[in-house]
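Quick notes on the structure that follows.
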Amino acid sequence: MKIEKEPISGQYAKFKIDGIEYRIYWEEAGQGIPLVCLHTAGSDGRQYRALLNDKKILERFRVIVFDMPWHGKSSPPENAKVGNYKLSTDFYISQIMSFINGLELVKPVVMGCSIGGRIILHLAINFPDKFRALIGLQSAGHLDPYYDINWLHRQDVHGGEVCGGIAYGLMAPTSPESEKFETMWHYMQGGPGIFKGDLFFYKFDGNIGNEIKKIDNSKCPIYLLTGEYDYSATPEETKSLADTIGIEMIKMKNVGHFPMSENPKEFLKYLNPILNKIS
Amino acid sequence: MFKSLIEKNEKRSQLYMMAQHLNTCFMISTIEHEYLVNIEKGVVKNVEEGPFVMPSYVFKLTAPKNEWLKFLQHTPHPGSHDIIAMLRRKVLKFEGDLHPLMSHLLYFKLLLASLRPAESKNEN
């Protein structure tokens with residue numbers, strides 16, 4: 001049987017993040033403008049599998065997706081212990097900047113979803129000159145807790161089952177079941193306490209208040225897209241964020257919280273015009 | 001409204017696999033009506049409709065009837081498509097010992113979603 005290989009290559013390297021060494025895994029494909037993609041809380045870079053396989057995008061963009069420390073095929077640091085992972089804003093920024101500097105990427109585009117959609121706002125505030133553009137998927141300035149996240153890491157509840165159950169509901173009923181299942185499966189494979197540890201950033205440490213007003217879209221163009229079925233970062237919340245920045249947001253129909261993974265075909269209809277503008 | 005959960009056992013023939021060790025009794029409330037649902041080894045064994053004098057259950061899900069109807073559409077609108085989405089909108093309340101629910105979250109989501117019609121109708 002003849003197989004058709006995907007154009008993706010994967011690599012490992014050690015990166016110093018805040019003085020500590022981390023073994024990081026990333027995948028990339030294509031050539032041209034670097035496009036660094038950030039996965040959601042508790043998942044990994046496989047969420048961008050469709051983008052990494054899109055021939056038209058790969059003609060103009062070098063798509064690069066890394067697994068955050070503790071996620072996917074990236075390792076926890078030396079002397080790590082189960083249960084003490086908590087993502088802070090500073091550590092999240094540091095890992096992105098270490099990765100970009102380590103790969104010597106010049107003025108990349110960074111696109112992030114959910115926690116990634118939040119951190120691009122911090123990047124816009126702190127390093128507007130470092131990026132060609134920033135794309136936020138499911139971005140909101142802050143999120144008040146609406147369920148008890150302690151359920152995500154309890155020894156008497158299977159973490160994979162509960163994290164998968166939470167992720168499943170965030171997707172649109174109209175997204176293809178096979179893509180939804182794969183998206184949920186990534187959550188089912190996360191390490192104990194990792195999704196919950198990421199949500200510390202999303203629901204507490206990474207909340208942005210009035211700082212949003214510091215974002216200057218003229219220094220670095222920002223694009224915001226949100227799926228209509230997302231109840232975590234709702235289209236209304238993205239709209240409020242976009243209004244504060246003074247830009248338009250795009251509401252994506254028939255997708256939820258994981259557009260690039262749960263319904264890539266639909267998502268690319270919205271993303272392609274933005275990539276055309278950027279390139 | 002939820003009586004047909006038992007009739008849908010056949011439709012959900014594989015769902016028990018996700019809850020093979022689950023034995024529980026929970027209540028679904030539309031405020032006007034209450035339903036006690038008994039589950040044994042992941043299979044719905046009985047659904048009893050109230051009113052009840054002294055109902056005994058492990059946990060309870062309460063939402064107004066119109067919100068449950070929105071949830072039960074073939075293709076629910078955003079915000080009505082998932083019980084956590086309803087919780088977020090504060091139209092659904094979780095009460096009681098939530099361990100059986102949260103440890104079998106996807107199972108319960110699919111169990112309730114099995115009441116949605118197979119064909120799209122009365123959409124708005």
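So you can find residues: chains in the structure tokens are A, B, ... in the order shown, residues in each start at 1, and ligands are numbered from 1 in order.
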Mind dumping a table of every chain B residue within 6 Å of chain A, with the nearest atom pair and its distance in Å to one decimal, using only C-alpha atoms, sorted by chain and rising number, as JSON lines?
{"residue": "B:Pro78", "atom": "CA", "partner": "A:Tyr229", "partner_atom": "CA", "distance": 4.6}
{"residue": "B:Asp82", "atom": "CA", "partner": "A:Gly169", "partner_atom": "CA", "distance": 5.5}
{"residue": "B:Ala85", "atom": "CA", "partner": "A:Tyr231", "partner_atom": "CA", "distance": 5.8}
{"residue": "B:Arg88", "atom": "CA", "partner": "A:Tyr146", "partner_atom": "CA", "distance": 5.5}
{"residue": "B:Ser103", "atom": "CA", "partner": "A:Val157", "partner_atom": "CA", "distance": 5.1}
{"residue": "B:Leu105", "atom": "CA", "partner": "A:Gly165", "partner_atom": "CA", "distance": 5.4}
{"residue": "B:Leu106", "atom": "CA", "partner": "A:Gly165", "partner_atom": "CA", "distance": 4.4}
Show me, as a short mmCIF file (atom, residue, chain, number, x, y, z; two decimals) with N, CA, C and O atoms, in the first residue's frame, the residues that have an atom within 12 Å of Val47 in chain B when counting only C-alpha atoms, minus same-chain residues fewer than 2 positions from it.
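And here is the file that came out, around_27.cif:
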data_model
loop_
_atom_site.label_atom_id
_atom_site.label_comp_id
_atom_site.auth_asym_id
_atom_site.auth_seq_id
_atom_site.Cartn_x
_atom_site.Cartn_y
_atom_site.Cartn_z
N MET B 1 -41.78 14.77 29.65
CA MET B 1 -40.70 15.39 28.86
C MET B 1 -39.41 14.54 28.88
O MET B 1 -38.73 14.40 27.89
N PHE B 2 -39.12 13.97 30.06
CA PHE B 2 -37.91 13.14 30.16
C PHE B 2 -38.25 11.66 30.33
O PHE B 2 -37.35 10.86 30.51
N LYS B 3 -39.57 11.34 30.29
CA LYS B 3 -39.98 9.94 30.45
C LYS B 3 -39.35 9.05 29.39
O LYS B 3 -39.05 7.89 29.62
N SER B 4 -39.17 9.64 28.19
CA SER B 4 -38.68 8.81 27.08
C SER B 4 -37.20 8.46 27.21
O SER B 4 -36.67 7.76 26.36
N LEU B 5 -36.56 8.91 28.29
CA LEU B 5 -35.15 8.51 28.47
C LEU B 5 -35.01 6.99 28.47
O LEU B 5 -34.04 6.44 27.97
N ILE B 6 -36.02 6.34 29.01
CA ILE B 6 -35.96 4.87 29.09
C ILE B 6 -36.16 4.24 27.71
O ILE B 6 -35.53 3.25 27.36
N GLU B 7 -37.03 4.87 26.91
CA GLU B 7 -37.28 4.33 25.56
C GLU B 7 -36.07 4.48 24.67
O GLU B 7 -35.93 3.80 23.66
N LYS B 8 -35.19 5.40 25.02
CA LYS B 8 -34.02 5.66 24.16
C LYS B 8 -32.85 4.73 24.49
O LYS B 8 -31.77 4.87 23.94
N ASN B 9 -33.05 3.79 25.42
CA ASN B 9 -31.96 2.88 25.77
C ASN B 9 -31.41 2.17 24.54
O ASN B 9 -30.20 2.00 24.40
N CYS B 25 -29.15 7.66 41.20
CA CYS B 25 -30.50 8.16 40.97
C CYS B 25 -30.42 9.68 40.98
O CYS B 25 -29.89 10.26 41.93
N PHE B 26 -30.85 10.31 39.91
CA PHE B 26 -30.79 11.78 39.88
C PHE B 26 -32.14 12.36 39.48
O PHE B 26 -33.00 11.65 38.92
N MET B 27 -32.31 13.62 39.77
CA MET B 27 -33.58 14.26 39.46
C MET B 27 -33.38 15.33 38.38
O MET B 27 -32.40 16.09 38.43
N ILE B 28 -34.31 15.35 37.44
CA ILE B 28 -34.35 16.44 36.46
C ILE B 28 -35.60 17.24 36.77
O ILE B 28 -36.70 16.67 36.88
N GLU B 34 -41.10 17.22 37.84
CA GLU B 34 -39.87 16.58 38.28
C GLU B 34 -39.82 15.13 37.80
O GLU B 34 -40.84 14.46 37.72
N TYR B 35 -38.62 14.69 37.49
CA TYR B 35 -38.42 13.33 36.99
C TYR B 35 -37.26 12.69 37.75
O TYR B 35 -36.17 13.26 37.82
N LEU B 36 -37.51 11.50 38.32
CA LEU B 36 -36.43 10.77 38.99
C LEU B 36 -35.92 9.71 38.03
O LEU B 36 -36.69 8.89 37.51
N VAL B 37 -34.63 9.74 37.78
CA VAL B 37 -34.03 8.82 36.80
C VAL B 37 -33.11 7.85 37.54
O VAL B 37 -32.17 8.27 38.22
N ASN B 38 -33.38 6.55 37.41
CA ASN B 38 -32.56 5.52 38.03
C ASN B 38 -31.64 4.89 37.02
O ASN B 38 -32.09 4.45 35.96
N ILE B 39 -30.37 4.83 37.37
CA ILE B 39 -29.38 4.25 36.44
C ILE B 39 -28.67 3.09 37.14
O ILE B 39 -28.22 3.21 38.28
N VAL B 43 -27.16 1.93 32.55
CA VAL B 43 -28.40 1.79 31.78
C VAL B 43 -29.55 2.43 32.56
O VAL B 43 -29.67 2.21 33.77
N VAL B 44 -30.38 3.20 31.88
CA VAL B 44 -31.55 3.81 32.54
C VAL B 44 -32.56 2.71 32.82
O VAL B 44 -33.06 2.05 31.91
N LYS B 45 -32.83 2.49 34.10
CA LYS B 45 -33.74 1.39 34.48
C LYS B 45 -35.15 1.88 34.74
O LYS B 45 -36.11 1.13 34.60
N GLU B 49 -42.14 10.06 37.04
CA GLU B 49 -42.53 11.47 37.00
C GLU B 49 -43.26 11.85 38.28
O GLU B 49 -44.07 11.08 38.78
N GLY B 50 -42.94 13.03 38.84
CA GLY B 50 -43.55 13.48 40.08
C GLY B 50 -44.99 13.88 39.90
O GLY B 50 -45.57 13.64 38.84
#
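Separating CA of His142 in chain A from CA of Lys214 in chain A is a distance of 15.5 Å.
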Any idea what's packed within 6 Å of Ala140 in chain A, counting only C-alpha atoms, ignoring anything in its chain fewer than 5 positions away? Could you give it as a list in words? Ala233, Glu237 and Thr238 of chain A
What does the file look like for those residues with C-alpha atoms, as a PDB file, in the first residue's frame?
ATOM      1  CA  ALA A 233     -15.029  33.228  25.470  1.00  0.00           C
ATOM      2  CA  GLU A 237     -16.910  39.210  25.061  1.00  0.00           C
ATOM      3  CA  THR A 238     -14.646  39.302  22.021  1.00  0.00           C
TER       4      THR A 238
END
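Between Gly116 in chain A and the candidates A:Arg23, A:Lys5, A:Lys196, A:His39, the tightest atom-to-atom separation, counting only C-alpha atoms, involves A:His39.
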Counting only C-alpha atoms, which of A:Ile278, A:Ala80, A:Met184, A:Leu224 gets nearest to Phe131 in chain A? A:Ile278
Could you pull out the residues in range 189-245 of chain A that DSSP calls helix (DSSP H, G or I) from the backbone, as a PyMOL selection string? chain A and resi 194-205+210-214+235-245
Near range 64-74 of chain A, counting only C-alpha atoms, which residues have an atom at most 9 Å away, once you skip same-chain residues fewer than 6 positions from it, shown as an MDAnalysis selection string? chainID A and resid 12 22:30 34:39 42:46 48 52 85 92 95:96 99 186 189:191 194
Enumerate the residues of range 27-108 of chain B with a DSSP assignment of strand (DSSP E or B), computed from the backbone, and present them as a ChimeraX atom specification. /B:27-29,34-40,43-49,59-62,93-96
Set the distance at 9 Å and use only C-alpha atoms: which residues neighbour Glu67 in chain B once local chain neighbours fewer than 4 positions away are removed? I'd like the list as an MDAnalysis selection string. chainID B and resid 30 63 71:72 80 86 91:92
In Å, rounded to a single decimal, give me how far CA of Leu87 in chain B is from CA of Leu15 in chain B.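 CA of Leu87 in chain B lies at a distance of 23.5 Å from CA of Leu15 in chain B.
Distance annotation: of A:Asn150, A:Asn217, A:Ser88, A:Gln155, the residue with the minimal separation from Pro128 in chain A is A:Asn217; atom set is only C-alpha atoms.
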Enter the distance from CA of Asn207 in chain A to CA of Leu143 in chain A, in Å, rounded to one decimal. 6.9 Å
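Distances here use only C-alpha atoms; by that measure, the residue among A:Gln31, A:Gln138, A:Ser175, A:Gln11 closest to Ile250 in chain A is A:Gln138.
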Please list as a tab-separated table (two decimals) with N, CA, C and O atoms, in the first residue's frame every residue within 10 Å of Cys113 in chain A, counting only C-alpha atoms and excluding residues in the same chain fewer than 5 positions away.
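Full text of out38.tsv as output:
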chain	number	residue	atom	x	y	z
A	37	CYS	N	1.78	29.05	16.09
A	37	CYS	CA	0.42	28.79	16.56
A	37	CYS	C	0.42	28.24	17.98
A	37	CYS	O	1.22	27.36	18.31
A	38	LEU	N	-0.46	28.77	18.81
A	38	LEU	CA	-0.51	28.40	20.23
A	38	LEU	C	-1.78	27.61	20.51
A	38	LEU	O	-2.89	28.07	20.20
A	39	HIS	N	-1.60	26.43	21.11
A	39	HIS	CA	-2.75	25.56	21.37
A	39	HIS	C	-3.53	26.01	22.62
A	39	HIS	O	-3.09	26.90	23.35
A	40	THR	N	-4.65	25.36	22.86
A	40	THR	CA	-5.51	25.74	24.00
A	40	THR	C	-5.05	25.08	25.30
A	40	THR	O	-4.20	24.19	25.28
A	41	ALA	N	-5.66	25.48	26.39
A	41	ALA	CA	-5.35	24.91	27.71
A	41	ALA	C	-5.60	23.41	27.72
A	41	ALA	O	-6.62	22.94	27.23
A	47	GLN	N	-3.84	20.24	17.51
A	47	GLN	CA	-5.04	21.02	17.16
A	47	GLN	C	-4.88	21.74	15.83
A	47	GLN	O	-5.86	22.09	15.19
A	118	ARG	N	-5.76	34.75	24.68
A	118	ARG	CA	-5.54	35.73	25.75
A	118	ARG	C	-4.10	36.23	25.73
A	118	ARG	O	-3.84	37.43	25.86
A	119	ILE	N	-3.17	35.28	25.56
A	119	ILE	CA	-1.76	35.69	25.72
A	119	ILE	C	-1.34	36.60	24.56
A	119	ILE	O	-0.46	37.44	24.75
A	120	ILE	N	-1.98	36.50	23.41
A	120	ILE	CA	-1.59	37.41	22.33
A	120	ILE	C	-1.89	38.86	22.71
A	120	ILE	O	-1.25	39.78	22.24
A	135	ILE	N	-3.00	37.14	15.93
A	135	ILE	CA	-4.35	36.66	15.65
A	135	ILE	C	-4.89	35.96	16.90
A	135	ILE	O	-4.28	35.00	17.38
A	136	GLY	N	-5.99	36.45	17.41
A	136	GLY	CA	-6.60	35.85	18.60
A	136	GLY	C	-7.86	35.08	18.23
A	136	GLY	O	-8.78	35.64	17.66
A	137	LEU	N	-7.86	33.80	18.56
A	137	LEU	CA	-9.06	32.98	18.37
A	137	LEU	C	-9.68	32.80	19.75
A	137	LEU	O	-9.00	32.43	20.71
A	138	GLN	N	-10.95	33.06	19.85
A	138	GLN	CA	-11.68	32.91	21.12
A	138	GLN	C	-11.03	33.78	22.20
A	138	GLN	O	-10.80	33.35	23.33
A	139	SER	N	-10.75	35.01	21.85
A	139	SER	CA	-10.10	35.93	22.78
A	139	SER	C	-11.12	36.65	23.65
A	139	SER	O	-12.16	37.08	23.17
A	225	LEU	N	-11.07	36.53	16.08
A	225	LEU	CA	-12.13	35.69	15.51
A	225	LEU	C	-12.67	34.78	16.60
A	225	LEU	O	-11.87	34.16	17.33
A	226	THR	N	-13.98	34.68	16.70
A	226	THR	CA	-14.58	33.84	17.74
A	226	THR	C	-15.75	33.03	17.19
A	226	THR	O	-16.60	33.56	16.48
A	257	HIS	N	-15.33	26.55	20.47
A	257	HIS	CA	-14.13	27.04	21.14
A	257	HIS	C	-12.82	26.62	20.45
A	257	HIS	O	-11.78	27.17	20.75
A	258	PHE	N	-12.90	25.61	19.58
A	258	PHE	CA	-11.66	25.07	18.97
A	258	PHE	C	-11.75	25.11	17.44
A	258	PHE	O	-11.68	24.06	16.79
A	259	PRO	N	-11.90	26.27	16.83
A	259	PRO	CA	-12.21	26.32	15.40
A	259	PRO	C	-11.23	25.55	14.52
A	259	PRO	O	-11.63	24.82	13.62
A	260	MET	N	-9.92	25.71	14.80
A	260	MET	CA	-8.90	25.08	13.92
A	260	MET	C	-8.92	23.57	14.01
A	260	MET	O	-8.41	22.88	13.13
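Proximity to Val110 in chain A was assessed for A:Leu199, A:Ala242, A:Cys220, A:Leu268 counting only C-alpha atoms; the smallest distance is recorded for A:Cys220.
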